[in-house]
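To keep things clear, I will list the structure first and then write my remarks on it.
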Amino acid sequence: MARPPAWAKRDAPPPGFDPGAIAPPPLPHGPWRVDSLALDVSGSCNLACRYCAEGATQPRRPPMAAEILDAAWEFLARAGSQPGPSSVGRRSREWSLRFGSGEPLLRRDLLQRAAGLIGSACGPGPDRPAVFLTTNGVLLDDETCRWLAQSGWHVKVSLDGPPAVHDSWRVTPAGRGTYTQAASAVSLLTRLMPERLSVTAVLCAEADPAEVFGVAEGLGVRRIELVPVSHEDARVRPSPADIERYQAFVLDYARRHLEGPPDQAPPVLIRFALRVARAMGHGNSRVACAAGRSFLGVGPDGGLYPCFRFIGIDGYRLGSLGSGVDQARQSAFCRGPGRPYDRRTPCGSCWAAPLCGGPCFACAEMFGPGEGRPEPHSCAYVRADARAAVWLVGELRRRDRRRLLRFLPGVEGV
């Protein structure tokens, strides 16, 4: 790993960076057109991960009934005919359905039902919604993997690194590790659907990001997401030494893009790729995501919430599939927990805010230091990505502009 430059050791961008040049436009006001729903079909999980954010914050929930799934699909399809912008101001529709709260493969029957609803309504054409499934991988047997490969869905598998790391965190209720099942499924899916597979690793205390990334890369994964844990226990959260290790890793990863063979780009580091695109002025927003605006979570009872992480918490309920979105509640959420970064402390004075968009609303609300402020260690990871992204964009503009195409929206990797 190369020695980092002097500016990388400070909490500041590389020389010459002007955040005003890439400031996002004002956030549109509602009413919002709902373009994406996240469905909690299982209400539960088959694992007992030792850092689980949902297990720490969400109440127990029943599984979803088939009629609620049907109502959610009808709600999403009907919402597409409504006027209004998405959270980034687009008026053309890019819609999606997401399964990921709990372990969705516990209800494979509902997933197959959803596939049937989509197929009957949309056929094989380009108007189909994108479908995303997030799973811990334990239930991904050969039959299920082949069904997902044929479905056209996007699949994200949780894999936290080598066996010793993964099995220390992602365990069954009996305490057994799950690396073997998850890695086996990832290996099969990289062969069956490499372009629609990604792996997410949660970085906890003492995790070596280079090692974690290397495990997924070694399995053939082309899209990898490294996410710092959200947790109240300081023994679980990354330490300052862990953050320094990540800063060195992401700079080294950026050098691979700069110095490697032009036709052999490394696997996509998803969050870093987003910062690179934003450093070029693409996709910048004053919020981290569309949660509570054009993206909503659906609970097993048909309740509507800002995203899957808020499902079941009554204080964040925004309406129901039957009655629709409560505009007063939605507006209050957008002014409060879902407010843009320029109305937050300390985001309003952070140089990296245009490359970030502010914190995850749920993480800030449930694990931040209060008043909707982001978790400090999460900000440190974002700034590490942002510094490396700004540096890489500057270097590629001087040396090889064509490589920047890797990071443009709609091109491989973003």
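So you can find residues: chains in the structure tokens are A, B, ... in the order shown, residues in each start at 1, and ligands are numbered from 1 in order.
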Residues flagged helix (DSSP H, G or I) by DSSP in stretch 198-301 of chain A, as a ChimeraX atom specification:
/A:209-218,240-259,270-279
Could you write out, as number ranges by chain, all the residues of stretch 177-386 of chain A that DSSP marks as strand (DSSP E or B)?
A: 177, 197-203, 223-228, 268-269, 291, 295-298, 303-305, 319-320, 324-325
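Using only C-alpha atoms, the nearest neighbour of A:Asn284 within the list A:Leu251, A:Leu110, A:Leu355, A:Cys145 is A:Leu355.
Comparing A:Gly358, A:Ala79, A:Leu392, A:Ala380 by their smallest distance to A:Arg245, the closest is A:Ala380 (using only C-alpha atoms).
Distances from A:Ile311, A:Glu395, A:Val215, A:Pro337 to A:Arg60 were compared using only C-alpha atoms, and the smallest one belongs to A:Ile311.
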My list of candidates is A:Arg108, A:Arg329, A:Pro124, A:Pro163. Which is closest to A:Trp147 when distances are computed with only C-alpha atoms?
A:Arg108
Write out as a Markdown table the residues of stretch 86-144 of chain A that have any atom within 12 Å of an atom of stretch 190-196 of chain A, one row each with the nearest atom pair and its distance in Å to one decimal, counting only C-alpha atoms, sorted by chain and then rising number.
```
| residue | atom | partner | partner_atom | distance |
| --- | --- | --- | --- | --- |
| A:Ala130 | CA | A:Arg196 | CA | 10.8 |
| A:Val131 | CA | A:Arg196 | CA | 10.4 |
| A:Phe132 | CA | A:Arg196 | CA | 9.3 |
| A:Leu133 | CA | A:Arg196 | CA | 10.4 |
| A:Thr134 | CA | A:Arg196 | CA | 11.9 |
| A:Asp142 | CA | A:Leu192 | CA | 10.5 |
| A:Glu143 | CA | A:Leu192 | CA | 11.8 |
| A:Thr144 | CA | A:Leu192 | CA | 11.5 |
```
Contacts of stretch 94-98 of chain A within 12 Å, only C-alpha atoms, excl. fewer than 3 positions in-chain, as a PyMOL selection string:
chain A and resi 33-41+69+72-81+85-91+101+104+111+114-115+117-118+126-135+153-156+294-298+307-308
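Picture a line from atom CA of A:Val268 to atom CA of A:Pro5; it runs 23.3 Å.
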Please determine, counting only C-alpha atoms, which residue among A:Ser120, A:Thr178, A:Gln150, A:Thr200 has the shortest atom-to-atom distance to A:Ile270.
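Checking each of A:Ser120, A:Thr178, A:Gln150, A:Thr200 against A:Ile270, counting only C-alpha atoms, the winner is A:Thr200.
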Of the candidates A:Pro261, A:Gly123, A:Ala207, A:Arg339, which shows the shortest atom-to-atom distance to A:Ser168, using only C-alpha atoms?
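Using only C-alpha atoms, the shortest distance to A:Ser168 belongs to A:Ala207.
Near stretch 164-166 of chain A, within 9 Å and counting only C-alpha atoms, sit A:Leu159, A:Asp160, A:Gly161, A:Trp169, A:Arg170, A:Val171, A:Gly177, A:Thr178, A:Tyr179, A:Ala201, A:Ala207, A:Val212, not including residues fewer than 3 positions from it in the same chain.
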Save out the residues we just selected, N, CA, C and O atoms, as a compact mmCIF listing (two decimals), in the first residue's frame.
```
# COMPACT_ATOMS: atom_id res chain seq x y z
N LEU A 159 -21.90 -10.22 3.04
CA LEU A 159 -20.70 -11.03 3.25
C LEU A 159 -19.65 -10.12 3.88
O LEU A 159 -19.15 -9.21 3.24
N ASP A 160 -19.31 -10.37 5.13
CA ASP A 160 -18.52 -9.41 5.91
C ASP A 160 -17.02 -9.64 5.87
O ASP A 160 -16.28 -9.03 6.64
N GLY A 161 -16.55 -10.50 4.96
CA GLY A 161 -15.11 -10.70 4.86
C GLY A 161 -14.76 -12.17 4.97
O GLY A 161 -15.57 -13.05 4.67
N TRP A 169 -19.61 -12.21 13.49
CA TRP A 169 -20.71 -11.26 13.54
C TRP A 169 -22.03 -11.84 13.02
O TRP A 169 -23.07 -11.67 13.64
N ARG A 170 -21.98 -12.54 11.89
CA ARG A 170 -23.21 -12.99 11.23
C ARG A 170 -23.44 -14.45 11.57
O ARG A 170 -22.91 -15.36 10.94
N VAL A 171 -24.27 -14.65 12.61
CA VAL A 171 -24.44 -15.98 13.18
C VAL A 171 -25.92 -16.36 13.24
O VAL A 171 -26.81 -15.51 13.19
N GLY A 177 -21.58 -19.75 12.77
CA GLY A 177 -21.22 -18.87 11.67
C GLY A 177 -21.91 -19.27 10.37
O GLY A 177 -22.37 -20.41 10.20
N THR A 178 -21.96 -18.32 9.44
CA THR A 178 -22.71 -18.54 8.20
C THR A 178 -21.88 -18.27 6.95
O THR A 178 -22.42 -18.16 5.85
N TYR A 179 -20.55 -18.16 7.10
CA TYR A 179 -19.73 -17.81 5.95
C TYR A 179 -19.84 -18.83 4.83
O TYR A 179 -19.97 -18.47 3.66
N ALA A 201 -20.61 -5.56 2.69
CA ALA A 201 -19.90 -5.93 3.91
C ALA A 201 -20.03 -4.80 4.92
O ALA A 201 -19.83 -3.63 4.59
N ALA A 207 -12.06 -4.43 11.60
CA ALA A 207 -12.15 -4.98 10.25
C ALA A 207 -11.08 -4.34 9.37
O ALA A 207 -10.86 -3.13 9.42
N VAL A 212 -11.38 -7.44 3.57
CA VAL A 212 -12.80 -7.67 3.32
C VAL A 212 -13.11 -7.54 1.82
O VAL A 212 -13.78 -8.39 1.23
```
Quick one: residues within 10 Å of A:Arg271, only C-alpha atoms counted, chain neighbours fewer than 3 positions away excluded, as a PyMOL selection string?
chain A and resi 224-227+268+274-276+356+382+385-386+414
Would you save the residues of that selection, restricted to all heavy atoms, as a CSV table (one decimal), in the first residue's frame?
```
chain,number,residue,atom,x,y,z
A,224,ILE,N,-19.1,-4.2,-5.1
A,224,ILE,CA,-18.9,-4.4,-3.6
A,224,ILE,C,-19.1,-3.1,-2.9
A,224,ILE,O,-18.7,-2.0,-3.2
A,224,ILE,CB,-17.4,-4.8,-3.4
A,224,ILE,CG1,-17.1,-6.1,-4.2
A,224,ILE,CG2,-17.1,-5.1,-1.9
A,224,ILE,CD1,-15.6,-6.4,-4.3
A,225,GLU,N,-19.9,-3.3,-1.8
A,225,GLU,CA,-20.2,-2.1,-1.0
A,225,GLU,C,-19.7,-2.3,0.4
A,225,GLU,O,-20.0,-3.4,1.1
A,225,GLU,CB,-21.8,-1.9,-0.9
A,225,GLU,CG,-22.2,-0.7,-0.1
A,225,GLU,CD,-23.7,-0.5,-0.2
A,225,GLU,OE1,-24.4,-1.5,-0.2
A,225,GLU,OE2,-24.2,0.6,-0.1
A,226,LEU,N,-18.9,-1.4,0.9
A,226,LEU,CA,-18.4,-1.4,2.3
A,226,LEU,C,-19.1,-0.4,3.1
A,226,LEU,O,-19.1,0.8,2.8
A,226,LEU,CB,-16.9,-1.2,2.3
A,226,LEU,CG,-16.0,-2.2,1.5
A,226,LEU,CD1,-14.5,-1.8,1.7
A,226,LEU,CD2,-16.3,-3.6,1.8
A,227,VAL,N,-19.8,-0.8,4.2
A,227,VAL,CA,-20.6,0.1,5.0
A,227,VAL,C,-20.2,0.1,6.4
A,227,VAL,O,-20.1,-1.0,7.1
A,227,VAL,CB,-22.1,-0.4,4.9
A,227,VAL,CG1,-23.0,0.6,5.6
A,227,VAL,CG2,-22.5,-0.5,3.4
A,268,VAL,N,-16.1,-2.7,-8.8
A,268,VAL,CA,-16.7,-1.4,-8.4
A,268,VAL,C,-16.9,-1.3,-6.9
A,268,VAL,O,-17.5,-2.2,-6.2
A,268,VAL,CB,-18.1,-1.2,-9.0
A,268,VAL,CG1,-18.8,0.1,-8.6
A,268,VAL,CG2,-18.0,-1.2,-10.6
A,274,LEU,N,-20.0,6.4,-6.3
A,274,LEU,CA,-21.0,7.4,-6.2
A,274,LEU,C,-20.3,8.8,-6.0
A,274,LEU,O,-20.6,9.8,-6.6
A,274,LEU,CB,-22.0,7.1,-5.1
A,274,LEU,CG,-23.0,8.2,-4.8
A,274,LEU,CD1,-23.9,8.4,-6.0
A,274,LEU,CD2,-23.8,7.8,-3.6
A,275,ARG,N,-19.3,8.8,-5.1
A,275,ARG,CA,-18.6,10.0,-4.8
A,275,ARG,C,-17.8,10.5,-6.0
A,275,ARG,O,-17.7,11.7,-6.3
A,275,ARG,CB,-17.6,9.8,-3.7
A,275,ARG,CG,-18.1,9.2,-2.4
A,275,ARG,CD,-19.2,9.9,-1.7
A,275,ARG,NE,-19.8,9.1,-0.7
A,275,ARG,CZ,-21.1,9.1,-0.3
A,275,ARG,NH1,-21.9,9.9,-0.9
A,275,ARG,NH2,-21.5,8.3,0.6
A,276,VAL,N,-17.3,9.6,-6.8
A,276,VAL,CA,-16.6,10.1,-8.0
A,276,VAL,C,-17.5,10.7,-9.0
A,276,VAL,O,-17.2,11.8,-9.6
A,276,VAL,CB,-15.8,8.9,-8.7
A,276,VAL,CG1,-15.2,9.3,-10.0
A,276,VAL,CG2,-14.8,8.3,-7.8
A,356,CYS,N,-21.9,14.0,-0.5
A,356,CYS,CA,-22.5,13.0,0.5
A,356,CYS,C,-24.0,13.1,0.4
A,356,CYS,O,-24.7,12.1,0.3
A,356,CYS,CB,-22.0,13.4,1.9
A,356,CYS,SG,-22.9,12.6,3.2
A,382,VAL,N,-17.2,8.7,4.9
A,382,VAL,CA,-17.7,9.4,3.7
A,382,VAL,C,-16.6,10.4,3.3
A,382,VAL,O,-16.3,10.5,2.1
A,382,VAL,CB,-19.0,10.2,4.0
A,382,VAL,CG1,-19.3,11.1,2.9
A,382,VAL,CG2,-20.1,9.2,4.2
A,385,ASP,N,-13.8,8.6,1.5
A,385,ASP,CA,-14.2,8.3,0.1
A,385,ASP,C,-14.2,9.6,-0.8
A,385,ASP,O,-13.7,9.6,-1.9
A,385,ASP,CB,-15.7,7.8,0.0
A,385,ASP,CG,-15.7,6.3,0.4
A,385,ASP,OD1,-14.7,5.6,0.3
A,385,ASP,OD2,-16.9,5.9,0.7
A,386,ALA,N,-14.7,10.7,-0.2
A,386,ALA,CA,-14.8,12.0,-0.9
A,386,ALA,C,-13.4,12.5,-1.3
A,386,ALA,O,-13.1,13.0,-2.4
A,386,ALA,CB,-15.6,13.0,-0.1
A,414,VAL,N,-21.9,2.5,-11.9
A,414,VAL,CA,-22.6,3.5,-11.2
A,414,VAL,C,-24.1,3.2,-11.3
A,414,VAL,O,-24.6,2.9,-12.3
A,414,VAL,CB,-22.3,4.9,-11.7
A,414,VAL,CG1,-23.1,5.9,-10.9
A,414,VAL,CG2,-20.8,5.2,-11.6
```
